[in-house]
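Structure file run36.tsv with TSV, C-alpha atoms:
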chain	number	residue	atom	x	y	z
A	1	MET	CA	0.00	0.00	0.00
A	2	ALA	CA	1.14	3.49	-0.78
A	3	ILE	CA	0.55	6.28	1.71
A	4	ALA	CA	0.44	9.91	0.60
A	5	GLY	CA	0.18	13.15	2.50
A	6	ILE	CA	-1.88	15.50	0.36
A	7	LEU	CA	-2.94	19.13	0.43
A	8	VAL	CA	-6.43	19.84	-0.87
A	9	GLN	CA	-7.36	23.38	-1.90
A	10	THR	CA	-11.04	24.20	-2.35
A	11	ASP	CA	-13.04	27.29	-3.09
A	12	ALA	CA	-14.45	28.87	0.06
A	13	ASP	CA	-18.05	27.96	-0.70
A	14	ALA	CA	-17.29	24.25	-1.12
A	15	ALA	CA	-14.84	23.78	1.76
A	16	GLU	CA	-17.28	22.21	4.21
A	17	ALA	CA	-18.77	19.84	1.62
A	18	VAL	CA	-15.31	18.71	0.46
A	19	TRP	CA	-14.15	18.20	4.04
A	20	THR	CA	-17.25	16.07	4.75
A	21	ARG	CA	-16.60	13.95	1.64
A	22	LEU	CA	-12.95	13.47	2.57
A	23	ALA	CA	-13.90	12.50	6.13
A	24	VAL	CA	-16.07	9.60	4.92
A	25	ASP	CA	-13.97	8.52	1.92
A	26	PRO	CA	-12.64	4.98	2.50
A	27	ARG	CA	-9.24	5.86	0.99
A	28	ILE	CA	-8.70	8.84	3.31
A	29	ALA	CA	-7.18	7.72	6.62
A	30	GLU	CA	-7.26	11.18	8.18
A	31	VAL	CA	-8.24	14.72	7.24
A	32	GLN	CA	-7.59	17.99	9.04
A	33	ARG	CA	-8.50	21.57	8.24
A	34	ALA	CA	-5.53	23.87	7.75
A	35	GLU	CA	-5.37	27.37	9.23
A	36	VAL	CA	-6.08	28.90	5.83
A	37	PRO	CA	-9.79	28.66	4.93
A	38	GLY	CA	-10.44	26.20	2.10
A	39	ARG	CA	-7.24	24.21	2.67
A	40	MET	CA	-7.13	20.70	4.07
A	41	VAL	CA	-4.42	18.18	4.83
A	42	ALA	CA	-5.21	14.50	4.39
A	43	VAL	CA	-3.60	11.07	4.38
A	44	LEU	CA	-4.51	9.04	1.30
A	45	GLU	CA	-3.97	5.27	1.29
A	46	ALA	CA	-4.18	3.14	-1.85
A	47	ALA	CA	-2.46	0.30	-3.63
A	48	SER	CA	0.75	1.55	-5.20
A	49	ASP	CA	-0.51	1.02	-8.71
A	50	ARG	CA	-3.74	2.95	-7.93
A	51	MET	CA	-2.29	6.09	-6.37
A	52	GLU	CA	-2.29	8.14	-9.57
A	53	GLN	CA	-5.95	7.26	-10.23
A	54	GLU	CA	-6.86	8.23	-6.66
A	55	PHE	CA	-5.27	11.66	-7.14
A	56	LYS	CA	-7.22	12.14	-10.34
A	57	ARG	CA	-10.44	11.01	-8.65
A	58	LEU	CA	-10.11	13.58	-5.88
A	59	ALA	CA	-9.01	16.35	-8.23
A	60	VAL	CA	-12.30	16.29	-10.16
A	61	TRP	CA	-14.56	16.61	-7.13
A	62	GLU	CA	-16.82	19.63	-7.28
A	63	GLY	CA	-15.24	22.53	-5.42
A	64	VAL	CA	-11.70	21.09	-5.43
A	65	LEU	CA	-9.21	23.52	-6.96
A	66	SER	CA	-6.09	21.39	-6.53
A	67	VAL	CA	-4.69	18.26	-4.91
A	68	ASP	CA	-0.97	18.54	-4.16
A	69	LEU	CA	1.44	15.90	-2.93
A	70	ALA	CA	3.34	16.56	0.31
A	71	TYR	CA	4.92	13.11	0.70
A	72	LEU	CA	4.56	9.58	-0.67
A	73	THR	CA	5.77	6.25	0.61
A	74	TYR	CA	5.42	2.84	-1.00
A	75	GLU	CA	5.31	0.48	1.98
A	76	ASP	CA	4.20	-2.63	0.13
A	77	GLU	CA	6.84	-2.56	-2.56
A	78	LEU	CA	9.62	-1.74	-0.13
A	79	ALA	CA	8.56	-4.53	2.23
A	80	ASP	CA	8.22	-7.10	-0.55
A	81	GLY	CA	11.45	-6.54	-2.41
A	82	GLY	CA	13.36	-3.64	-0.98
A	83	SER	CA	12.91	-1.51	-4.08
A	84	ILE	CA	10.25	0.41	-5.93
A	85	LYS	CA	9.23	-0.77	-9.38
A	86	CYS	CA	9.34	2.06	-11.86
A	87	PRO	CA	7.37	2.15	-15.08
A	88	PRO	CA	9.40	1.60	-18.23
A	89	TRP	CA	11.19	4.67	-19.50
A	90	GLU	CA	9.59	6.27	-22.50
A	91	GLY	CA	11.76	8.62	-24.48
A	92	LYS	CA	10.38	12.03	-25.33
A	93	HIS	CA	9.81	12.78	-28.98
A	94	ARG	CA	11.37	16.13	-29.74
A	95	SER	CA	11.52	17.96	-32.98
A	96	ALA	CA	14.32	20.25	-34.02

Representation of the structure as structure tokens:
Amino acid sequence: MAIAGILVQTDADAAEAVWTRLAVDPRIAEVQRAEVPGRMVAVLEAASDRMEQEFKRLAVWEGVLSVDLAYLTYEDELADGGSIKCPPWEGKHRSA
């Protein structure tokens, strides 16, 4: 399982609704309001190969302006093999 600390920025009108959704979301282990209105700090837990999809899922919620990563750890991959599997490298296609 991967564990991510995330920062969620909302518009002021949607802050309470987004906080309520985060508080009951099964992938959110903890959520706290930050001192700045509309900002929240949360702990997101998901399978390592699902973390990117979880970020995208939260980012499209109504009222969410951004979801930013504060930290990320891959407990399952590190425990299983001592290293993190990276996706294959794909070269960038550049034109002159």

Practice task
Compile the contact shell of stretch 2-8 of chain A as an MDAnalysis selection string: residues with an atom at most 7 Å away, counting only C-alpha atoms, same-chain residues fewer than 2 positions apart removed.
Solution key: chainID A and resid 10 39:48 66:76

Once 8 Å is added on each side, what are the centre and the three edge lengths, in Å to one decimal, of the axis-aligned box enclosing the listed atoms of stretch 17-35 of chain A? Present them as lines of an AutoDock Vina configuration file.
center_x = -12.1
center_y = 16.2
center_z = 4.8
size_x = 29.4
size_y = 38.4
size_z = 24.8

Shortest contact to A:Leu65, candidates A:Arg50, A:Arg33, A:Arg21, A:Gly38, atoms counted only C-alpha atoms, goes to A:Gly38

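Atom CA of A:Glu52 is found 23.6 Å from atom CA of A:Ala14.
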
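Taking atom CA of A:Ile28 and atom CA of A:Trp61 as the two end points, the separation is 14.3 Å.
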
Atom pair atom CA of A:Pro26 + atom CA of A:Lys56, distance 15.7 Å

- Query: Which one of A:Val64, A:Met51, A:Met1, A:Gln32 sits closest to A:Asp13 if you count only C-alpha atoms?
  - Reply: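 The closest residue to A:Asp13 is A:Val64.
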
Exercise for review: Using all atoms listed in the file, pick whichever of A:Glu62, A:Gln9, A:Asp49, A:Glu54 has the shortest atom-to-atom distance to A:Glu35.
Suggested key: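 Nearest candidate to A:Glu35 out of A:Glu62, A:Gln9, A:Asp49, A:Glu54: A:Gln9.
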